[in-house]
$ cat data31.txt   # compact mmCIF, C-alpha atoms
# COMPACT_ATOMS: atom_id res chain seq x y z
CA MET O 1 9.51 -17.02 -8.54
CA THR O 2 8.39 -14.35 -11.02
CA LEU O 3 6.88 -16.97 -13.30
CA ALA O 4 5.03 -18.62 -10.41
CA ILE O 5 3.59 -15.29 -9.23
CA ASN O 6 2.58 -14.30 -12.76
CA THR O 7 0.90 -17.67 -13.35
CA LEU O 8 -0.98 -17.45 -10.07
CA LEU O 9 -2.12 -13.88 -10.69
CA TRP O 10 -3.34 -14.58 -14.20
CA LEU O 11 -5.15 -17.71 -13.00
CA VAL O 12 -7.00 -15.47 -10.54
CA VAL O 13 -7.75 -12.97 -13.33
CA GLY O 14 -9.01 -15.83 -15.54
CA THR O 15 -11.24 -17.24 -12.79
CA LEU O 16 -12.73 -13.83 -11.99
CA ALA O 17 -13.27 -13.08 -15.69
CA PHE O 18 -15.00 -16.45 -16.07
CA ILE O 19 -17.33 -15.76 -13.11
CA ALA O 20 -18.06 -12.29 -14.49
CA ALA O 21 -18.76 -13.70 -17.98
CA SER O 22 -21.14 -16.28 -16.52
CA ARG O 23 -23.16 -13.41 -15.05
CA GLY O 24 -23.34 -11.61 -18.35
CA ARG O 25 -21.16 -10.22 -21.07
CA PRO O 26 -21.48 -6.54 -20.00
CA LEU O 27 -19.99 -7.40 -16.61
CA LEU O 28 -16.97 -9.00 -18.27
CA SER O 29 -16.35 -6.08 -20.61
CA ASP O 30 -16.85 -3.58 -17.76
CA GLY O 31 -14.22 -5.34 -15.68
CA VAL O 32 -11.72 -5.48 -18.52
CA ARG O 33 -12.33 -1.85 -19.42
CA VAL O 34 -12.11 -0.46 -15.88
CA GLY O 35 -9.03 -2.55 -15.05
CA THR O 36 -7.21 -1.62 -18.25
CA MET O 37 -7.99 2.08 -17.86
CA GLU O 38 -6.68 2.02 -14.30
CA PHE O 39 -3.51 0.32 -15.54
CA LEU O 40 -2.95 2.87 -18.31
CA LEU O 41 -3.45 5.78 -15.92
CA LEU O 42 -1.01 4.34 -13.41
CA LEU O 43 1.73 3.48 -15.91
CA PRO O 44 3.41 6.89 -16.17
CA ARG O 45 3.59 7.30 -12.40
CA ILE O 46 5.01 3.86 -11.78
CA CYS O 47 7.48 4.30 -14.65
CA ILE O 48 8.75 7.62 -13.30
CA GLY O 49 8.87 6.28 -9.75
CA VAL O 50 10.72 3.06 -10.54
CA ILE O 51 13.28 4.60 -12.88
CA GLY O 52 13.56 7.69 -10.68
CA SER O 53 14.22 5.73 -7.48
CA GLY O 54 17.08 3.92 -9.23
CA PHE O 55 18.80 7.20 -10.05
CA ILE O 56 18.01 8.78 -6.67
CA ALA O 57 19.56 5.74 -4.95
CA GLU O 58 22.68 5.99 -7.11
CA ALA O 59 23.03 9.74 -6.58
CA LEU O 60 22.66 9.49 -2.78
CA PRO O 61 26.07 8.85 -1.25
CA ASN O 62 26.01 5.60 0.67
CA GLU O 63 27.88 7.28 3.54
CA TRP O 64 24.85 9.46 4.18
CA VAL O 65 22.23 6.77 4.31
CA ALA O 66 23.98 3.87 6.00
CA PRO O 67 24.84 5.44 9.39
CA TRP O 68 21.30 6.71 9.94
CA LEU O 69 19.20 4.01 8.38
CA GLY O 70 21.56 1.11 7.70
CA PRO O 71 21.16 -2.35 9.22
CA GLU O 72 23.54 -1.28 12.03
CA SER O 73 21.40 1.74 12.93
CA GLY O 74 19.09 -0.51 14.95
CA PHE O 75 16.24 0.95 16.93
CA LEU O 76 17.36 4.56 16.47
CA GLY O 77 17.20 4.00 12.70
CA VAL O 78 13.69 2.62 13.09
CA ILE O 79 12.62 5.74 15.03
CA ILE O 80 14.14 8.06 12.39
CA ALA O 81 12.46 6.07 9.60
CA THR O 82 9.09 6.13 11.39
CA ILE O 83 9.20 9.91 11.85
CA GLY O 84 10.31 10.33 8.23
CA GLY O 85 7.40 8.18 7.08
CA ALA O 86 4.85 10.17 9.06
CA LEU O 87 6.14 13.43 7.61
CA THR O 88 6.40 12.31 3.96
CA PRO O 89 3.69 14.08 1.97
CA GLY O 90 2.23 12.93 -1.33
CA GLY O 91 0.82 9.80 -2.89
CA PRO O 92 2.18 6.26 -3.18
CA VAL O 93 4.71 7.21 -5.84
CA VAL O 94 6.53 9.43 -3.33
CA GLY O 95 6.51 7.04 -0.37
CA PHE O 96 7.55 3.99 -2.36
CA SER O 97 10.17 5.83 -4.46
CA ILE O 98 11.88 7.15 -1.34
CA GLY O 99 11.67 3.78 0.40
CA ALA O 100 13.10 1.94 -2.61
CA ALA O 101 15.88 4.51 -3.09
CA ALA O 102 16.83 4.23 0.59
CA LEU O 103 16.90 0.42 0.40
CA LYS O 104 19.12 0.48 -2.70
CA SER O 105 21.53 2.96 -1.17
CA GLY O 106 22.19 1.02 2.00
CA ALA O 107 19.23 1.34 4.39
CA GLY O 108 18.35 -1.78 6.37
CA ALA O 109 15.20 -3.74 5.52
CA PRO O 110 13.58 -3.28 8.99
CA GLN O 111 14.18 0.47 8.77
CA VAL O 112 12.62 0.65 5.28
CA ILE O 113 9.67 -1.39 6.53
CA ALA O 114 9.21 1.01 9.45
CA TYR O 115 9.31 3.90 6.96
CA THR O 116 6.73 2.53 4.52
CA THR O 117 4.48 1.26 7.36
CA ALA O 118 4.52 4.64 9.11
CA TRP O 119 3.98 6.46 5.84
CA ALA O 120 1.05 4.18 4.93
CA LEU O 121 -0.60 4.36 8.36
CA TYR O 122 -0.21 7.88 9.58
CA ALA O 123 1.01 10.26 6.94
CA ILE O 124 -0.59 13.37 8.37
CA HIS O 125 -1.79 14.95 5.14
CA ARG O 126 -3.65 11.75 4.14
CA LEU O 127 -5.40 11.61 7.49
CA LEU O 128 -6.62 15.17 7.00
CA ILE O 129 -7.50 14.97 3.31
CA TRP O 130 -9.17 11.57 3.16
CA GLU O 131 -9.98 10.12 6.50
CA VAL O 132 -11.33 13.06 8.48
CA PRO O 133 -13.96 14.09 5.89
CA MET O 134 -15.19 10.53 5.36
CA MET O 135 -15.19 8.93 8.80
CA PRO O 136 -16.45 9.89 12.24
CA ALA O 137 -13.66 11.92 13.86
CA ARG O 138 -13.58 9.65 16.91
CA ILE O 139 -12.74 6.62 14.74
CA VAL O 140 -10.04 8.52 12.85
CA TRP O 141 -8.17 9.52 16.00
CA LEU O 142 -8.69 6.10 17.53
CA ARG O 143 -7.23 4.51 14.39
CA ALA O 144 -4.29 6.90 14.28
CA THR O 145 -3.54 6.40 17.99
CA VAL O 146 -3.57 2.61 17.94
CA SER O 147 -1.47 2.70 14.74
CA LEU O 148 1.38 4.46 16.54
CA PRO O 149 3.18 1.30 17.71
CA LEU O 150 2.64 -0.64 14.46
CA PRO O 151 5.75 0.51 12.51
CA PHE O 152 7.87 -0.53 15.51
CA ILE O 153 6.15 -3.92 15.73
CA ALA O 154 6.64 -4.39 11.97
CA ALA O 155 10.33 -3.49 12.22
CA ALA O 156 10.79 -5.78 15.24
CA LEU O 157 9.18 -8.68 13.35
CA ALA O 158 11.40 -7.88 10.37
CA MET O 159 14.47 -8.08 12.60
CA LEU O 160 13.29 -11.41 14.04
CA LEU O 161 12.37 -13.00 10.72
CA ALA O 162 15.55 -12.15 8.87
CA ARG O 163 15.13 -11.35 5.21
CA PRO O 164 15.37 -14.38 2.91
CA MET H 1 -26.55 -6.32 -8.29
CA THR H 2 -23.97 -4.69 -10.47
CA LYS H 3 -23.54 -1.56 -8.49
CA PRO H 4 -22.05 1.24 -10.50
CA ILE H 5 -18.52 1.55 -9.30
CA SER H 6 -17.22 4.90 -8.29
CA PRO H 7 -13.78 4.86 -9.83
CA ARG H 8 -11.26 6.96 -8.01
CA ARG H 9 -10.73 10.01 -10.11
CA ARG H 10 -7.17 9.72 -11.23
CA ARG H 11 -5.14 11.75 -13.58
CA ALA H 12 -2.11 10.25 -15.21
CA PHE H 13 -0.01 13.00 -13.69
CA ASP H 14 -0.14 14.91 -10.42
CA TRP H 15 2.02 16.92 -8.06
CA SER H 16 3.46 13.93 -6.24
CA THR H 17 4.65 12.45 -9.51
CA ALA H 18 5.95 15.80 -10.69
CA THR H 19 8.04 16.15 -7.52
CA ILE H 20 9.52 12.67 -7.93
CA ALA H 21 10.12 13.37 -11.64
CA ALA H 22 12.04 16.54 -10.78
CA LEU H 23 14.07 14.71 -8.11
CA ALA H 24 14.74 11.87 -10.55
CA CYS H 25 15.97 14.26 -13.26
CA ALA H 26 18.32 15.96 -10.80
CA ALA H 27 19.59 12.57 -9.60
CA ALA H 28 20.03 11.32 -13.18
CA ALA H 29 21.98 14.46 -14.09
CA THR H 30 24.17 14.01 -10.99
CA VAL H 31 24.92 10.41 -11.94
CA TYR H 32 25.63 11.36 -15.55
CA ILE H 33 28.07 14.14 -14.64
CA ARG H 34 29.71 12.36 -11.70
CA ASP H 35 29.91 8.77 -12.94
CA GLY H 36 29.78 9.17 -16.71
CA HIS H 37 27.81 8.00 -19.66
CA GLU H 38 28.23 4.26 -19.17
CA ARG H 39 27.14 4.09 -15.53
CA PHE H 40 24.11 6.21 -16.45
CA LEU H 41 23.07 3.78 -19.18
CA THR H 42 23.63 0.73 -16.97
CA ILE H 43 21.28 2.11 -14.32
CA LEU H 44 18.72 3.23 -16.87
CA LEU H 45 18.72 -0.17 -18.57
CA GLY H 46 18.45 -1.99 -15.22
CA ASP H 47 15.48 0.09 -14.13
CA VAL H 48 13.71 -0.11 -17.48
CA THR H 49 14.08 -3.92 -17.39
CA LEU H 50 12.69 -3.98 -13.85
CA PHE H 51 9.76 -1.84 -14.93
CA ALA H 52 9.02 -4.01 -17.99
CA GLU H 53 9.14 -7.21 -15.94
CA VAL H 54 6.61 -5.94 -13.47
CA LEU H 55 4.03 -4.76 -16.01
CA PRO H 56 2.10 -8.05 -16.35
CA LYS H 57 1.70 -8.18 -12.56
CA VAL H 58 0.49 -4.59 -12.35
CA LEU H 59 -2.03 -5.22 -15.14
CA ALA H 60 -3.21 -8.39 -13.37
CA GLY H 61 -3.57 -6.41 -10.13
CA CYS H 62 -5.69 -3.76 -11.86
CA LEU H 63 -7.92 -6.37 -13.50
CA ILE H 64 -8.38 -8.35 -10.27
CA GLY H 65 -9.28 -5.12 -8.49
CA ALA H 66 -11.83 -4.19 -11.17
CA PHE H 67 -13.48 -7.64 -11.17
CA VAL H 68 -13.64 -7.95 -7.38
CA THR H 69 -15.26 -4.52 -7.23
CA LEU H 70 -17.88 -5.62 -9.75
CA LEU H 71 -18.52 -9.09 -8.31
CA LEU H 72 -18.55 -8.41 -4.59
CA PRO H 73 -21.37 -6.08 -3.55
CA ARG H 74 -20.14 -3.82 -0.81
CA GLU H 75 -23.42 -3.96 1.14
CA LEU H 76 -22.91 -7.70 1.52
CA VAL H 77 -19.42 -7.18 2.89
CA ALA H 78 -20.70 -4.55 5.29
CA ARG H 79 -23.37 -6.94 6.54
CA TRP H 80 -20.83 -9.71 7.14
CA VAL H 81 -18.49 -7.48 9.06
CA GLY H 82 -21.28 -5.71 10.92
CA HIS H 83 -22.85 -8.89 12.26
CA GLU H 84 -19.69 -10.58 13.52
CA SER H 85 -18.28 -9.64 16.85
CA GLY H 86 -15.47 -10.81 19.09
CA PHE H 87 -12.18 -12.03 17.74
CA THR H 88 -13.84 -13.55 14.65
CA GLY H 89 -15.17 -10.09 13.85
CA LEU H 90 -11.63 -8.71 13.81
CA LEU H 91 -10.40 -11.57 11.60
CA ILE H 92 -13.24 -11.10 9.11
CA ALA H 93 -12.72 -7.34 9.02
CA ALA H 94 -8.99 -7.86 8.42
CA PHE H 95 -9.76 -10.38 5.67
CA PHE H 96 -12.00 -7.95 3.81
CA GLY H 97 -9.39 -5.24 4.20
CA PHE H 98 -7.05 -7.56 2.34
CA LEU H 99 -9.67 -8.45 -0.29
CA LEU H 100 -11.34 -5.15 -1.17
CA PRO H 101 -9.55 -3.20 -3.87
CA GLY H 102 -9.66 0.53 -4.38
CA GLY H 103 -8.25 3.77 -3.11
CA PRO H 104 -9.21 5.87 -0.08
CA ILE H 105 -12.27 7.24 -1.86
CA THR H 106 -13.84 3.79 -2.08
CA ILE H 107 -12.50 2.29 1.16
CA TYR H 108 -13.56 4.84 3.77
CA PRO H 109 -17.25 4.84 2.79
CA VAL H 110 -17.20 1.03 3.16
CA ALA H 111 -15.65 1.42 6.61
CA GLY H 112 -18.37 3.93 7.45
CA ALA H 113 -21.02 1.43 6.31
CA PHE H 114 -19.58 -1.17 8.72
CA LEU H 115 -20.41 1.15 11.60
CA VAL H 116 -23.96 1.64 10.34
CA MET H 117 -24.40 -2.14 10.05
CA GLY H 118 -23.37 -2.56 13.67
CA ALA H 119 -19.66 -3.27 13.59
CA ASP H 120 -17.63 -1.99 16.51
CA ALA H 121 -14.75 0.48 16.18
CA GLY H 122 -12.22 -2.34 16.65
CA ALA H 123 -13.41 -4.08 13.49
CA VAL H 124 -13.36 -0.82 11.53
CA VAL H 125 -9.80 -0.11 12.68
CA ALA H 126 -8.72 -3.67 11.77
CA PHE H 127 -10.28 -3.22 8.32
CA ILE H 128 -8.58 0.10 7.55
CA VAL H 129 -5.18 -1.04 8.84
CA SER H 130 -5.50 -4.27 6.88
CA TRP H 131 -6.38 -2.45 3.67
CA THR H 132 -3.43 -0.12 4.22
CA LEU H 133 -0.83 -2.74 5.05
CA ILE H 134 -1.78 -6.05 3.43
CA GLY H 135 -4.29 -5.10 0.70
CA TYR H 136 -3.17 -7.01 -2.37
CA THR H 137 -4.00 -4.36 -4.98
CA ARG H 138 -1.81 -1.84 -3.26
CA ALA H 139 0.99 -4.39 -2.92
CA LEU H 140 0.73 -5.59 -6.52
CA VAL H 141 0.26 -2.26 -8.20
CA TRP H 142 2.49 -0.05 -6.10
CA GLU H 143 4.87 -1.91 -3.88
CA LEU H 144 5.96 -4.71 -6.20
CA PRO H 145 7.38 -2.51 -8.98
CA PHE H 146 9.53 -0.67 -6.45
CA PHE H 147 10.70 -3.42 -4.14
CA GLY H 148 10.43 -6.70 -6.05
CA SER H 149 8.28 -9.70 -5.15
CA GLU H 150 10.51 -11.31 -2.51
CA PHE H 151 10.75 -8.19 -0.39
CA VAL H 152 7.00 -7.54 -0.68
CA ILE H 153 5.98 -11.10 0.25
CA TRP H 154 8.32 -10.98 3.22
CA ARG H 155 7.00 -7.60 4.33
CA ILE H 156 3.38 -8.70 4.05
CA ALA H 157 4.11 -11.88 6.03
CA GLU H 158 5.32 -9.67 8.87
CA ALA H 159 2.39 -7.29 8.56
CA LEU H 160 -0.21 -10.09 8.83
CA PRO H 161 -0.76 -9.83 12.60
CA LEU H 162 -0.85 -6.01 12.63
CA PRO H 163 -4.53 -5.39 11.67
CA VAL H 164 -5.75 -7.69 14.44
CA ILE H 165 -3.30 -6.14 16.92
CA ALA H 166 -4.64 -2.68 15.95
CA GLY H 167 -8.23 -3.91 16.36
CA VAL H 168 -7.52 -5.33 19.81
CA LEU H 169 -5.74 -2.12 20.87
CA ALA H 170 -8.71 -0.10 19.64
CA ARG H 171 -11.09 -2.16 21.76
CA ILE H 172 -8.84 -1.78 24.80
CA ALA H 173 -8.67 1.99 24.20
CA ILE H 174 -12.45 2.23 23.95
CA ARG H 175 -12.89 0.23 27.12
CA ALA H 176 -10.44 2.59 28.83
CA GLY H 177 -12.68 5.47 27.81
CA PHE H 178 -11.01 6.76 24.65
CA GLY H 179 -13.15 9.31 22.85
CA GLY H 180 -16.05 9.18 25.31
CA THR H 181 -19.06 7.09 24.29
CA THR H 182 -18.67 3.69 22.74
CA LYS H 183 -20.44 2.48 19.57
$ encode --input "data31.txt" --output "structure tokens"
Amino acid sequence: MTLAINTLLWLVVGTLAFIAASRGRPLLSDGVRVGTMEFLLLLPRICIGVIGSGFIAEALPNEWVAPWLGPESGFLGVIIATIGGALTPGGPVVGFSIGAAALKSGAGAPQVIAYTTAWALYAIHRLLIWEVPMMPARIVWLRATVSLPLPFIAAALAMLLARP
Amino acid sequence: MTKPISPRRRRAFDWSTATIAALACAAAATVYIRDGHERFLTILLGDVTLFAEVLPKVLAGCLIGAFVTLLLPRELVARWVGHESGFTGLLIAAFFGFLLPGGPITIYPVAGAFLVMGADAGAVVAFIVSWTLIGYTRALVWELPFFGSEFVIWRIAEALPLPVIAGVLARIAIRAGFGGTTK
């Protein structure tokens, strides 16, 4: 699985690099430079988040997480996860670290999906910091309103299509 | 043709990361004191292995994002999305949400350009939701290291209909008079 995904990804990278090179060397070197810089800047955050979420999951007693967010928590767990997602401040490292820690310490997959979906779609601080200054206000509120049911739909689909 | 890209200004460290780092240190100390030296090392080794395994994918994600940004002029995308209407319009908007890399600073201006080029609010909503939920750079760079590829693929498969659902809901809301004037 990992090998197949890696091969596919690097084939895509190779194809894009080839297209860029055929349009000129500067384009190729720009792409490599920008992509590598982005990677180097992200590394520390991902490292802290991935290693951190492992320890946070281990430190959290399973008896705390499972009753509220475990696979048996059902729809109530999905509601709790959705509200938690909407209220989680901070960038991706926060949302994904918490989601991963919850999953490792006994939360159900549909509940974690509801959490990350809600966090991605309507974390309130992100709406205010990014979306409101850059988009017409009407579109922002329209987008936020129609996004409200999406974490529940995602969790329902996750319950239907059981995890492999 | 080669538009200068406006890279999202990122520092290697920020408050979000600092908070998680502090939480992680407290959790690591708890595990060390409660469960002992060996358990601590087992977890650390497991997580470091996980992190190392995911690095080639994260690098590939960053490079794909950089090349797509350079090769796909955003005005062209805006024109495509702006000129399509109906259900096809929603599908195309959702597709570009999946395809376009970048953070909020690059995505929202593109969404704004769709409106200028004549796209309706439904298409713009489908685009933003798609970028948020099924955008591959976000999934590769952020989600994969934390959740592993199987979980991420499965989650994205379930999220596939959501951008179009959001777009349709947005159109219904507008027709019902949400936010006053349309377009």
$ atom_distance --input "data31.txt" --atom1 "CA of Gly85 in chain O" --atom2 "CA of Ala118 in chain O"
5.0 Å
$ atom_distance --input "data31.txt" --atom1 "CA of Lys57 in chain H" --atom2 "CA of Thr137 in chain H"
10.2 Å
$ residues_around --input "data31.txt" --residues "range 2-14 of chain O" --least-positions-apart "3" --cutoff "8 Å" --atoms "all atoms listed in the file" --output "PDB file with C-alpha atoms, in the frame of the given file"
ATOM      1  CA  ALA O  17     -13.270 -13.080 -15.690  1.00  0.00           C
ATOM      2  CA  PHE O  18     -15.000 -16.450 -16.070  1.00  0.00           C
TER       3      PHE O  18
ATOM      4  CA  PRO H  56       2.100  -8.050 -16.350  1.00  0.00           C
ATOM      5  CA  LYS H  57       1.700  -8.180 -12.560  1.00  0.00           C
ATOM      6  CA  ALA H  60      -3.210  -8.390 -13.370  1.00  0.00           C
ATOM      7  CA  GLY H  61      -3.570  -6.410 -10.130  1.00  0.00           C
ATOM      8  CA  LEU H  63      -7.920  -6.370 -13.500  1.00  0.00           C
ATOM      9  CA  ILE H  64      -8.380  -8.350 -10.270  1.00  0.00           C
ATOM     10  CA  SER H 149       8.280  -9.700  -5.150  1.00  0.00           C
TER      11      SER H 149
END
$ atom_distance --input "data31.txt" --atom1 "CA of Thr88 in chain H" --atom2 "CA of Ile134 in chain H"
18.1 Å
$ residues_around --input "data31.txt" --residues "Gly35 in chain O" --least-positions-apart "2" --cutoff "9 Å" --atoms "all atoms listed in the file" --output "PDB file with C-alpha atoms, in the coordinates of the input"
ATOM      1  CA  ASP O  30     -16.850  -3.580 -17.760  1.00  0.00           C
ATOM      2  CA  GLY O  31     -14.220  -5.340 -15.680  1.00  0.00           C
ATOM      3  CA  VAL O  32     -11.720  -5.480 -18.520  1.00  0.00           C
ATOM      4  CA  ARG O  33     -12.330  -1.850 -19.420  1.00  0.00           C
ATOM      5  CA  MET O  37      -7.990   2.080 -17.860  1.00  0.00           C
ATOM      6  CA  GLU O  38      -6.680   2.020 -14.300  1.00  0.00           C
ATOM      7  CA  PHE O  39      -3.510   0.320 -15.540  1.00  0.00           C
ATOM      8  CA  LEU O  40      -2.950   2.870 -18.310  1.00  0.00           C
TER       9      LEU O  40
ATOM     10  CA  LEU H  59      -2.030  -5.220 -15.140  1.00  0.00           C
ATOM     11  CA  ALA H  60      -3.210  -8.390 -13.370  1.00  0.00           C
ATOM     12  CA  GLY H  61      -3.570  -6.410 -10.130  1.00  0.00           C
ATOM     13  CA  CYS H  62      -5.690  -3.760 -11.860  1.00  0.00           C
ATOM     14  CA  LEU H  63      -7.920  -6.370 -13.500  1.00  0.00           C
ATOM     15  CA  ILE H  64      -8.380  -8.350 -10.270  1.00  0.00           C
ATOM     16  CA  GLY H  65      -9.280  -5.120  -8.490  1.00  0.00           C
ATOM     17  CA  ALA H  66     -11.830  -4.190 -11.170  1.00  0.00           C
ATOM     18  CA  PHE H  67     -13.480  -7.640 -11.170  1.00  0.00           C
TER      19      PHE H  67
END
